[in-house]
Structures are given as structure tokens and as C-alpha cells.
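Asks: Can you keep this structure in mind? I'll have questions shortly.
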Amino acid sequence: MLCRTASALLALLLVLVAACSRDGEQGPPKREPICSTCGPDLVVDEATLAAVLELAERDFEPGACEVGAGCVGSAGGRRLLLFGAAVRNQGDRPAVPDPEDHLAPRCGEAPVLAGFLAWRILDEEGVPVREGAADLACLADGSPGDESAPAASLFSCEGEQGLQPGWIADPTAPGACTFADVSDLLPGDYLFELTVNPSGVIAETRLDNNVGSAPFRIEPPVCEGLVCGADCCPPGVRCEEGRCALPDLIIDVEALHQSIRVDEANFAADDCAVEEACVGGTGLRRLLRFTLATPNVGGADLFVGDPSQSSEAQWSACHEHYHMVEFASYRLLRKDGTVAAVGHKQAFCLMDTQPAGDWGPTQAQYDCNYQGISRGWSDSYGSGLDCQWVDVTGVPEGDYLLDVQINGARRYPELDYDNNSVQIPVYLPADPSQCVPRDEVCGDGRDQDCDGEPDDGCPPLAENDTCATGWHLDGSGTWTGFIGEATARDAGGSCGGAGGTLHFSLQVLAEEIVYLSTHGSAIDTVLRVERGRCGEASEVACSDATCGGDAGQFAGVLTAGTYDVIVQAKEAGASGEVKLTVQRSGCSGARPIAGPGSYAGNTAGAGADTMTSCGLGGGPDELWFFATCPGETQVEISTCGASAAFDTVLELRQGSCRGLPAACNDDQLGGSCATAGGSTLRKRLEGEGLWFLVVDGYLASDGGSYTLDVTGL
């Protein structure tokens with residue numbers, strides 16, 4: 001009678017609904033047994049567990065649910081230890097899960113008993129080295145466990161779920177993450193420990209016997225080539241200094257995470273990023289930018305050579321250089337693993353950007369004309385470069401995962417392909433101009449903690465006083481360095497310089513308009529730009545005493561190549577902090593405005609830009625650029641002073657030809673105009689840097705010759 005009463009109460013308990021989710025809410029309540037002498041009693045059937053444990057290899061795509069859910073360490077090929085629901089009911093009543101306890105699945109479609117199986121792996125010393133949990137979509141009769149078990153199966157995945165007394169669950173029943181990722185465990189003997197019903201979602205007569213174990217072994221890999229250190233070299237690959245003579249590319253996760261930023265940019269129909277499908281359309285687009293650095297930690301160079309002779313290279317008519325096909329792909333994933341946005345499969349110029357270790361050559365060996373990545377060197381593609389982003393236009397605010405994969409098509413032979421993908425968390429703010437505070441990153445020239453000071457609290461750069469130790473400039477920013485009496489000194493350039501020098505390495509992949517300055521330095525400085533490798537460089541520009549001060553400034557076109565940007569103390573023995581401001585525009589094809597004066601232009605035969613912010617702007621247009629000094633600059637630009645052949649529109653953009661409009665005018669601003677189609681743009685500009693002027697035609701048919709009158713610069 002007591003047991004019948006207990007069974008009734010147990011059935012009542014099993015229909016209670018538990019509020020639960022995997023996002024931190026409380027899970028199903030632990031159900032205590034009604035009586036200690038009757039009811040289900042779930043244990044691990046160790047014989048079944050030992051029989052179903054199996055090591056297997058499986059490939060996971062970057063967007064696979066198991067990757068996003070953390071069931072495996074990364075995308076790519078993984079070694080897994082497979083297990084199943086090796087569960088036996090040794091009680092005297094069926095174990096019946098309540099349907100209300102089945103929750104939304106992590107992976108798959110059927111609701112699951114979340115975390116119904118918990119596991120961990122212990123090494124030979126009994127030390128846990130892995131742990132995790134698995135969801136079970138179905139608890140059903142698999143096979144009788146002993147002679148006392150009912151002969152006929154009662155529960156199944158197609159009908160009512162449950163496990164009869166004396167029966168062993170079907171270990172092949174569907175579930176999620178019913179495996180352990182053991183990809184990086186060393187060969188040896190291990191113990192797999194499984195816990196069933198760890199949270200007590202199914203009431204049992206006892207819960208202290210729910211753990212079982214089975215041993216397994218990871219055998220050393222059979223090496224068909226040479227055993228080299230801890231690696232196995234493929235057949236035909238030699239071993240050198242404990243490393244297989246193969247490249248091995250990895251992703252610099254720290255550089256990726258630290259460089260994340262969101263901004264907006266305008267794209268014209270003839271923009272290279274539009275032509276190469278780096279953005280989803282023209283006009284204003286929202287971009288998730290980041291730097292991708294790929295160190296070669298292998299025992300040999302990744303060699304390409306002359307890209308014009310490589311089957312892996314593709315000529316870009318827009319950028320006018322070769323791209324390496326299918327080198328990297330980017331995806332923005334929602335927390336459930338689904339794809340929110342896809343980045344362009346970026347094509348790189350594979351080159352030595354900066355050292356990644358001390359086992360490689362002391363000097364860079366590869367550039368865009370002769371490509372490759374030396375062992376011990378890293379190729380870094382900065383966040384300011386074209387297509388180094390994911391177009392997130394229209395993606396809602398929130399938390400996401402950035403999934404990055406390199407050499408996914410395995411076009412380039414490597415020692416290990418399993419380390420070619422990573423996922424990092426990112427947050428998209430509602431306002432792309434909003435600064436989301438993070439810990440300050442030293443040496444990157446940017447302001448992560450949102451206090452207005454790049455590299456705030458960081459020691460100034462001082463060890464980059466030779467060309468060989470030049471600090472890599474990753475995009476735009478402001479870098480702080482220190483020149484002292486002991487700082488090495490290079491010979492001065494054409495504009496002088498007698499003190500210590502600091503060097504900064506700048507990579508330009510395609511012709512680009514770049515701004516550089518040393519304004520804000522505590523000592524008198526000279527700015528010099530040299531093109532070429534260390535020891536072979538030639539001077540491009542040398543600047544001193546600009547903007548009425550003691551600093552250098554450069555604003556101009558740099559062709560593709562490697563540059564050494566040199567900040568030098570003007571006077572011998574001078575000591576103090578120096579600043580280098582860098583602005584990468586991502587633009588080319590603009591004409592310079594060198595200062596006040598009149599400039600003749602003609603839009604005939606030019607392409608059409610996107611619509612301007614103050615008029616149709618549908619006609620052909622011409623692009624100009626100029627630089628401003630620190631402080632305020634009152635500028636006036638007009639097409640009114642001489643007769644123009646068409647109705648003009650003027651628009652001013654800050655920092656880039658893709659920048660947001662700072663001012664726009666499609667008519668005169670008071671006074672008289674020599675032509676009815678003249679326009680006057682008057683604006684007070686704040687701070688130093690690049691500005692771009694678009695001269696457009698009001699209608700698609702408007703174009704021809706004009707004259708720009710510029711004052712205030």
C-alpha cells in the first residue's frame with residue numbers, strides 16, 4: 001500500500017514543469033524520491049559504456065552548431081571520443097521523463113533533457129583533464145539487462161519515452177554533443193567517467209550511485225613519414241631542428257580580439273569594395289572591422305613567389321595587384337550558431353609583416369611582388385585595409401561570435417590544419433560611433449578605454465630605434481614614443497635632423513592617400529618617409545616645421561610597397577616624448593589641394609558617385625583631398641568664381657572618400673555667383689588630418705569643366 005501511494009505521488013511530481021534555459025536561468029528542480037524502497041534507480045552500465053566508447057575523426061564547418069555551442073574546441077578536423085546513454089534502470093519502477101522537462105535543443109530540432117549526461121576524463125594520475133555535458137533527446141528501452149527484466153520493450157523514441165526496470169537504454173538514441181573533444185590529449189591511458197541524471201530531473205530511489213567509468217587509450221599516431229619532435233612529418237618532408245619542414249599557419253587571437261571596431265562608410269557604385277563583393281550594396285554601410293595576423297609557426301616558409309606565375313593568385317583589375325584566392329573567410333554568428341552576416345573571402349598579399357618568433361630569419365624575405373610567409377614571421381592584414389571587415393548593415397545590436405578561418409580550402413600545404421580557425425565574442429552597439437570601453441591595448445595607437453587618449457597609461461615606444469626593429473603600424477591611430485640621448489640615430493634626410501630616430505613600418509597593398517604627422521610631440525621633430533626594405537630604402541618625403549610649429553606633416557599618395565616612417569629629433573641630444581599620427585584613407589584617385597588658390601577641374605568622362613547628402617548628385621564627379629593642421633581651420637570652397645559648364649554640388653567628407661558627410665552645398669551661400677549652377681561650401685574644420693571633396697553634377701546629365709576657388713587653408 002505504501003509503495004502504491006508513493007508511486008502515485010511520484011507520478012504527480014513528474015508532471016511538474018520546471019522553468020529552465022541554458023542562458024543562466026535555474027534548470028529543472030531536483031526531484032527527491034518518494035520512497036527509498038520502490039521506484040526507478042538509474043546507474044551507468046559500465047559494460048555497455050566500455051563497448052560503445054570509440055575514438056573517431058570528424059570535420060566541423062565553422063558555422064556548425066557544435067562549434068558555437070562549445071562541444072568542440074574549434075572548427076576543422078577534430079578527434080572525438082564517442083559515447084552514448086549507457087544507462088540501466090536497476091530499480092523496480094520505470095523511469096519516465098516528463099515531457100515538460102524537455103527543453104529547446106542546443107543542436108538539432110527535437111527537445112532534449114538538457115545535461116542529462118555529465119562526463120569527465122581523468123589521466124593516468126587521476127587528474128581530471130576534460131569535462132562536459134550532453135543532452136539526451138530520447139530515453140528508451142534498448143535491451144534487457146538481466147533475466148528479471150520484462151521480456152518486451154515498452155518505451156521507444158517514436159512513442160512514449162522511458163526505461164523499464166532491468167533494461168539498458170539504447171546507447172544510440174539521439175542526443176546533442178554525446179562525445180568528448182580529445183583532439184589535443186597526448187597518447188596514453190585515460191578513464192572516462194559518466195554521470196547519469198546529475199541534476200535529478202527524474203526522481204530516483206537514490207542518486208549516489210549514478211556514476212560509472214570505463215578506461216580507454218589514445219594510441220600514438222602511426223607515422224608514415226618521420227617522427228620529428230612531437231610531430232609526424234608527412235612522407236617526403238624532412239625534419240630540421242626538431243620541426244617538420246612544412247609551414248604551419250595559426251591565427252593571432254589576441255590581435256584579432258583587440259582590433260575589433262565598428263564604423264560606417266559610404267560606397268560608390270564603382271568602389272573596389274563593391275566590385276569585389278566586400279559589401280552588400282552601395283551607399284552607407286556598417287562595417288565590423290578587425291585585424292587578421294597569421295603567424296607561421298612551422299618549420300618551413302609558406303612559399304608563393306611571383307604571384308603572376310602562381311595558380312593560387314588572381315589579378316584584381318580594380319586594385320591593380322594580385323590577390324591570393326580563398327585564403328580567409330569570415331562569418332558573424334548568432335549565439336545559436338546561425339549565420340548573421342558573411343564576410344568577403346578575403347584575398348591577401350601574403351608577405352612578411354613582422355616577426356612572430358626568434359627562430360626565423362632576421363629580415364623580411366617576402367613582399368607583394370615576391371610572396372610568402374617566412375617561418376617565424378607573421379602576415380598582418382590591418383583593420384583599415386580594404387575588405388578587412390564583415391558588412392553588418394542591418395544586423396541588430398547584440399552579442400555575436402566572429403568566426404574566422406584561414407586556408408580553409410587547404411590550397412597551401414601545412415603541418416596542421418586543425419589550428420586554422422577561431423571564434424571570438426563581439427558586441428555590436430546600436431550606435432556605431434559609440435565607444436564601448438575595454439581594457440587599453442598598448443602599442444596599437446587606439447583608444448580602447450574610451451578616455452580620449454590612445455595607449456593611455458602605456459609606456460612610450462623606445463626600442464624601435466632601428467629600421468630592423470620598426471614598430472608595425474596597424475591602420476590609423478596615434479602612437480607615442482620616447483627619444484632619449486641613448487636612442488640610436490640615423491643619418492638625417494633632405495630636410496635635416498640630427499637627433500635620435502624612431503622607426504615605424506608601414507605596409508601599403510594598393511595605391512593609397514595617407515596622412516602622417518608628428519604634431520603634439522614634446523620636442524622639435526622631423527618626419528621622413530622612405531620606401532623599400534631596410535638598407536635599400538629611398539626617400540619619398542621629408543617634412544619639418546609645418547603648420548607654423550616644430551613638427552613634420554605629410555599628406556599624399558603612397559604606391560604599393562613597404563615604407564619606413566621615421567620620426568627624428570631635430571637637434572642632437574634632444575630628449576622627450578614624440579607622437580606619430582597616422583590616417584589611412586583607403587582611397588586613391590583624388591587630386592591634391594595644396595593650399596589657397598584656384599584649381600581647374602573637369603568631370604567629363606568620370607564615374608558617378610553615390611548620391612550626395614544635399615542634392616541628387618547623379619552626374620559624374622571628381623575627387624579632391626587636402627590636409628588640415630591641429631586646431632580649427634575655416635575653409636571656403638566655391639565653384640562660383642568662374643563660369644561652370646554645369647550645375648555643381650559640393651560635398652566634404654572627413655578622413656576618407658568613403659567618410660560620412662561633414663558639409664554639403666548645391667547652391668551659392670549668399671552673394672552673387674557667376675553661374676547659376678555654382679556652389680559654395682563654407683565650414684569650420686576641427687583638428688588635423690585628411691579631408692575629401694566631391695565635386696558632383698546635380699543631375700545625371702550635369703558634367704564638364706569647372707574651377708575651384710579655395711580659401712582658408
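Every chain in the C-alpha cells has a letter given in the order shown (A, B, ...), and although residue numbers restart at 1 in each chain, ligands are simply numbered from 1 in the order shown.
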Show me, as a PDB file with C-alpha atoms, in the first residue's frame, the residues that have an atom within 8 Å of segment 325-337 of chain A when counting only C-alpha atoms, minus same-chain residues fewer than 2 positions from it.
Replies:
ATOM      1  CA  GLY A  63      29.225  27.587 -38.510  1.00  0.00           C
ATOM      2  CA  ALA A  64      28.404  24.133 -37.122  1.00  0.00           C
ATOM      3  CA  CYS A  65      26.182  24.153 -34.052  1.00  0.00           C
ATOM      4  CA  VAL A  67      31.309  24.667 -32.655  1.00  0.00           C
ATOM      5  CA  GLY A  68      29.104  27.536 -31.496  1.00  0.00           C
ATOM      6  CA  ALA A  69      27.831  25.522 -28.504  1.00  0.00           C
ATOM      7  CA  ARG A 106      21.327  23.269 -28.412  1.00  0.00           C
ATOM      8  CA  GLU A 312      46.741  30.481 -56.455  1.00  0.00           C
ATOM      9  CA  ALA A 313      46.885  34.160 -57.481  1.00  0.00           C
ATOM     10  CA  GLN A 314      44.203  36.197 -59.205  1.00  0.00           C
ATOM     11  CA  HIS A 323      45.180  38.532 -54.768  1.00  0.00           C
ATOM     12  CA  VAL A 339      24.853  32.975 -39.573  1.00  0.00           C
ATOM     13  CA  ALA A 340      24.030  36.682 -39.136  1.00  0.00           C
ATOM     14  CA  ALA A 341      26.464  38.024 -41.763  1.00  0.00           C
ATOM     15  CA  VAL A 342      29.165  36.681 -44.055  1.00  0.00           C
ATOM     16  CA  GLY A 343      32.431  38.416 -44.804  1.00  0.00           C
ATOM     17  CA  HIS A 344      34.112  38.509 -48.179  1.00  0.00           C
ATOM     18  CA  LYS A 345      36.526  35.614 -48.719  1.00  0.00           C
ATOM     19  CA  GLN A 346      39.492  37.894 -48.415  1.00  0.00           C
ATOM     20  CA  ALA A 347      42.351  37.686 -50.888  1.00  0.00           C
ATOM     21  CA  PHE A 348      45.696  38.600 -49.406  1.00  0.00           C
ATOM     22  CA  VAL A 390      32.248  41.949 -42.263  1.00  0.00           C
ATOM     23  CA  ASP A 399      26.316  39.751 -28.737  1.00  0.00           C
ATOM     24  CA  TYR A 400      27.720  37.614 -31.537  1.00  0.00           C
ATOM     25  CA  LEU A 401      30.633  35.347 -32.411  1.00  0.00           C
ATOM     26  CA  LEU A 402      33.139  36.280 -35.097  1.00  0.00           C
ATOM     27  CA  ASP A 403      34.218  33.107 -36.885  1.00  0.00           C
ATOM     28  CA  VAL A 404      37.486  33.322 -38.825  1.00  0.00           C
ATOM     29  CA  GLN A 405      39.046  30.557 -40.904  1.00  0.00           C
ATOM     30  CA  ILE A 406      42.293  30.623 -42.885  1.00  0.00           C
ATOM     31  CA  ASN A 407      43.399  28.244 -45.621  1.00  0.00           C
ATOM     32  CA  GLY A 408      40.034  26.512 -45.338  1.00  0.00           C
ATOM     33  CA  ALA A 409      40.309  25.044 -48.833  1.00  0.00           C
TER      34      ALA A 409
END
Asks: Could you find all residues in segment 108-287 of chain A that DSSP calls helix (DSSP H, G or I) from the backbone, and write them as a list of chain:residue names?
Replies: A:Val253, A:Glu254, A:Ala255, A:Leu256, A:His257, A:Gln258, A:Cys272, A:Ala273, A:Val274, A:Glu275
Asks: Using only C-alpha atoms, determine which residues lie at most 7 Å from Leu194 of chain A, disregarding the query and same-chain residues fewer than 4 positions distant; provide the list as number ranges by chain.
Replies: A: 117-120, 211-213
Asks: Go ahead and save the residues from that selection, with N, CA and C atoms, as a PDB file, in the first residue's frame.
Replies:
ATOM      1  N   LEU A 117      23.395  13.826 -19.266  1.00  0.00           N
ATOM      2  CA  LEU A 117      24.641  13.087 -19.092  1.00  0.00           C
ATOM      3  C   LEU A 117      25.760  14.085 -18.826  1.00  0.00           C
ATOM      4  N   ALA A 118      26.524  13.833 -17.774  1.00  0.00           N
ATOM      5  CA  ALA A 118      27.708  14.634 -17.474  1.00  0.00           C
ATOM      6  C   ALA A 118      28.923  13.718 -17.530  1.00  0.00           C
ATOM      7  N   TRP A 119      30.040  14.251 -17.967  1.00  0.00           N
ATOM      8  CA  TRP A 119      31.227  13.398 -18.112  1.00  0.00           C
ATOM      9  C   TRP A 119      32.491  14.157 -17.755  1.00  0.00           C
ATOM     10  N   ARG A 120      33.520  13.392 -17.475  1.00  0.00           N
ATOM     11  CA  ARG A 120      34.852  13.949 -17.341  1.00  0.00           C
ATOM     12  C   ARG A 120      35.871  12.867 -17.670  1.00  0.00           C
ATOM     13  N   VAL A 211      27.221   7.274 -11.061  1.00  0.00           N
ATOM     14  CA  VAL A 211      28.493   7.470 -11.747  1.00  0.00           C
ATOM     15  C   VAL A 211      29.090   6.122 -12.112  1.00  0.00           C
ATOM     16  N   GLY A 212      29.556   6.002 -13.349  1.00  0.00           N
ATOM     17  CA  GLY A 212      30.256   4.817 -13.809  1.00  0.00           C
ATOM     18  C   GLY A 212      31.424   5.214 -14.675  1.00  0.00           C
ATOM     19  N   SER A 213      32.305   4.281 -14.954  1.00  0.00           N
ATOM     20  CA  SER A 213      33.504   4.632 -15.709  1.00  0.00           C
ATOM     21  C   SER A 213      33.942   3.479 -16.592  1.00  0.00           C
TER      22      SER A 213
END
Asks: Figure out the distance between atom CA of Gly697 of chain A and atom CA of Pro620 of chain A, please, to one decimal in Å.
Replies: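 About the pair atom CA of Pro620 of chain A and atom CA of Gly697 of chain A: they are 6.0 Å apart.
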Asks: I'd like to know which of A:Cys318, A:Cys673, A:Leu509, A:Ala488 is closest to Glu276 of chain A, using only C-alpha atoms.
Replies: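 Of all the options, A:Cys318 lies closest to Glu276 of chain A.
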Asks: Would you mind listing what lies within 10 Å of Thr581 of chain A as an NGL selection string, with only C-alpha atoms counted and same-chain residues fewer than 6 positions away left out?
Replies: :A and (445 or 476-480 or 515-520 or 553 or 688-689)
Asks: Using only C-alpha atoms, which of the listed residues (A:Asp418, A:Asp306, A:Asp702, A:Asp41) sits closest to Gly200 of chain A?
Replies: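 Under the stated criterion, the closest residue is A:Asp41.
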Asks: What residues in segment 62-202 of chain A get the DSSP label strand (DSSP E)? Please answer as a PyMOL selection string.
Replies: chain A and resi 76-82+87-89+113-122+128-136+141-144+167-169+175-176+179-181+188-196
Asks: Fewer than 6 positions away in the same chain doesn't count, so skip those; otherwise give me all residues within 7 Å of segment 463-468 of chain A, counting only C-alpha atoms, as a list in words.
Replies: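 Returned residues: Thr487, Ala488, Thr501, Leu502, His503 and Cys534 of chain A.
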Asks: Could you tell me how far atom CA of Pro171 of chain A lies from atom CA of Ala85 of chain A, in Å and to one decimal?
Replies: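 Between atom CA of Pro171 of chain A and atom CA of Ala85 of chain A the gap works out to 4.4 Å.
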Asks: Quick one: residues within 10 Å of Val567 of chain A, only C-alpha atoms counted, chain neighbours fewer than 4 positions away excluded, as a ChimeraX atom specification?
Replies: /A:465,481,483,497,499-504,517-518,525-529,551-552,578-580
Asks: Identify, on the basis of only C-alpha atoms, every residue whose closest approach to segment 143-157 of chain A does not exceed 9 Å; exclude the query and any residue fewer than 2 positions from it along the same chain; express the result as a ChimeraX atom specification.
Replies: /A:45,88-90,137-141,159-170,173-174
Asks: Keeping only N, CA and C atoms, write the selected residues to a file as a PDB file, in the first residue's frame.
Replies:
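To be explicit, this is the file written out as out_7.pdb:
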ATOM      1  N   ASP A  45      25.653   1.594 -16.920  1.00  0.00           N
ATOM      2  CA  ASP A  45      26.005   0.207 -17.227  1.00  0.00           C
ATOM      3  C   ASP A  45      27.413   0.207 -17.814  1.00  0.00           C
ATOM      4  N   ARG A  88      21.312   2.023 -17.168  1.00  0.00           N
ATOM      5  CA  ARG A  88      20.483   0.876 -16.785  1.00  0.00           C
ATOM      6  C   ARG A  88      19.597   1.278 -15.618  1.00  0.00           C
ATOM      7  N   ASN A  89      18.363   0.802 -15.630  1.00  0.00           N
ATOM      8  CA  ASN A  89      17.419   1.038 -14.536  1.00  0.00           C
ATOM      9  C   ASN A  89      17.425  -0.198 -13.646  1.00  0.00           C
ATOM     10  N   GLN A  90      18.066  -0.088 -12.467  1.00  0.00           N
ATOM     11  CA  GLN A  90      18.123  -1.230 -11.565  1.00  0.00           C
ATOM     12  C   GLN A  90      17.081  -1.118 -10.443  1.00  0.00           C
ATOM     13  N   ALA A 137      17.932  13.490 -26.262  1.00  0.00           N
ATOM     14  CA  ALA A 137      16.618  13.740 -26.845  1.00  0.00           C
ATOM     15  C   ALA A 137      15.659  12.587 -26.580  1.00  0.00           C
ATOM     16  N   CYS A 138      16.206  11.425 -26.253  1.00  0.00           N
ATOM     17  CA  CYS A 138      15.341  10.259 -26.087  1.00  0.00           C
ATOM     18  C   CYS A 138      15.919   9.302 -25.061  1.00  0.00           C
ATOM     19  N   LEU A 139      15.098   8.913 -24.079  1.00  0.00           N
ATOM     20  CA  LEU A 139      15.419   7.840 -23.135  1.00  0.00           C
ATOM     21  C   LEU A 139      14.454   6.706 -23.443  1.00  0.00           C
ATOM     22  N   ALA A 140      14.993   5.576 -23.951  1.00  0.00           N
ATOM     23  CA  ALA A 140      14.115   4.500 -24.425  1.00  0.00           C
ATOM     24  C   ALA A 140      14.760   3.144 -24.166  1.00  0.00           C
ATOM     25  N   ASP A 141      13.931   2.126 -24.080  1.00  0.00           N
ATOM     26  CA  ASP A 141      14.411   0.756 -23.904  1.00  0.00           C
ATOM     27  C   ASP A 141      15.327   0.366 -25.057  1.00  0.00           C
ATOM     28  N   GLY A 159       7.442   6.572 -29.593  1.00  0.00           N
ATOM     29  CA  GLY A 159       6.243   6.632 -28.763  1.00  0.00           C
ATOM     30  C   GLY A 159       6.538   7.276 -27.431  1.00  0.00           C
ATOM     31  N   GLU A 160       6.020   6.656 -26.353  1.00  0.00           N
ATOM     32  CA  GLU A 160       6.278   7.172 -25.006  1.00  0.00           C
ATOM     33  C   GLU A 160       7.704   6.828 -24.600  1.00  0.00           C
ATOM     34  N   GLN A 161       8.407   7.819 -24.023  1.00  0.00           N
ATOM     35  CA  GLN A 161       9.774   7.596 -23.584  1.00  0.00           C
ATOM     36  C   GLN A 161       9.808   7.045 -22.166  1.00  0.00           C
ATOM     37  N   GLY A 162      10.873   6.339 -21.872  1.00  0.00           N
ATOM     38  CA  GLY A 162      11.075   5.794 -20.541  1.00  0.00           C
ATOM     39  C   GLY A 162      12.032   4.625 -20.579  1.00  0.00           C
ATOM     40  N   LEU A 163      12.349   4.078 -19.402  1.00  0.00           N
ATOM     41  CA  LEU A 163      13.260   2.946 -19.284  1.00  0.00           C
ATOM     42  C   LEU A 163      12.702   1.986 -18.239  1.00  0.00           C
ATOM     43  N   GLN A 164      12.411   0.762 -18.684  1.00  0.00           N
ATOM     44  CA  GLN A 164      11.830  -0.239 -17.792  1.00  0.00           C
ATOM     45  C   GLN A 164      12.853  -0.741 -16.776  1.00  0.00           C
ATOM     46  N   PRO A 165      12.392  -1.289 -15.641  1.00  0.00           N
ATOM     47  CA  PRO A 165      13.306  -1.922 -14.688  1.00  0.00           C
ATOM     48  C   PRO A 165      14.067  -3.052 -15.368  1.00  0.00           C
ATOM     49  N   GLY A 166      15.372  -3.124 -15.115  1.00  0.00           N
ATOM     50  CA  GLY A 166      16.201  -4.177 -15.668  1.00  0.00           C
ATOM     51  C   GLY A 166      16.651  -3.943 -17.090  1.00  0.00           C
ATOM     52  N   TRP A 167      16.160  -2.889 -17.727  1.00  0.00           N
ATOM     53  CA  TRP A 167      16.524  -2.626 -19.120  1.00  0.00           C
ATOM     54  C   TRP A 167      17.663  -1.605 -19.205  1.00  0.00           C
ATOM     55  N   ILE A 168      18.429  -1.737 -20.293  1.00  0.00           N
ATOM     56  CA  ILE A 168      19.508  -0.798 -20.599  1.00  0.00           C
ATOM     57  C   ILE A 168      19.038   0.112 -21.726  1.00  0.00           C
ATOM     58  N   ALA A 169      19.256   1.397 -21.549  1.00  0.00           N
ATOM     59  CA  ALA A 169      18.826   2.355 -22.569  1.00  0.00           C
ATOM     60  C   ALA A 169      19.565   2.119 -23.878  1.00  0.00           C
ATOM     61  N   ASP A 170      18.923   2.538 -24.940  1.00  0.00           N
ATOM     62  CA  ASP A 170      19.543   2.435 -26.259  1.00  0.00           C
ATOM     63  C   ASP A 170      20.672   3.460 -26.354  1.00  0.00           C
ATOM     64  N   ALA A 173      20.538   6.242 -29.007  1.00  0.00           N
ATOM     65  CA  ALA A 173      19.416   7.180 -29.040  1.00  0.00           C
ATOM     66  C   ALA A 173      19.924   8.587 -29.340  1.00  0.00           C
ATOM     67  N   PRO A 174      19.133   9.389 -30.046  1.00  0.00           N
ATOM     68  CA  PRO A 174      19.609  10.732 -30.431  1.00  0.00           C
ATOM     69  C   PRO A 174      19.877  11.617 -29.227  1.00  0.00           C
TER      70      PRO A 174
END
Asks: Could you tell me which of A:Cys640, A:Val112, A:Ala522, A:Ala364 comes closest to Thr562 of chain A if we count only C-alpha atoms?
Replies: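 Nearest candidate to Thr562 of chain A out of A:Cys640, A:Val112, A:Ala522, A:Ala364: A:Ala364.
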Asks: Measure the distance from atom CA of Ala663 of chain A to atom CA of Asp474 of chain A in Å and round it to one decimal.
Replies: 29.2 Å
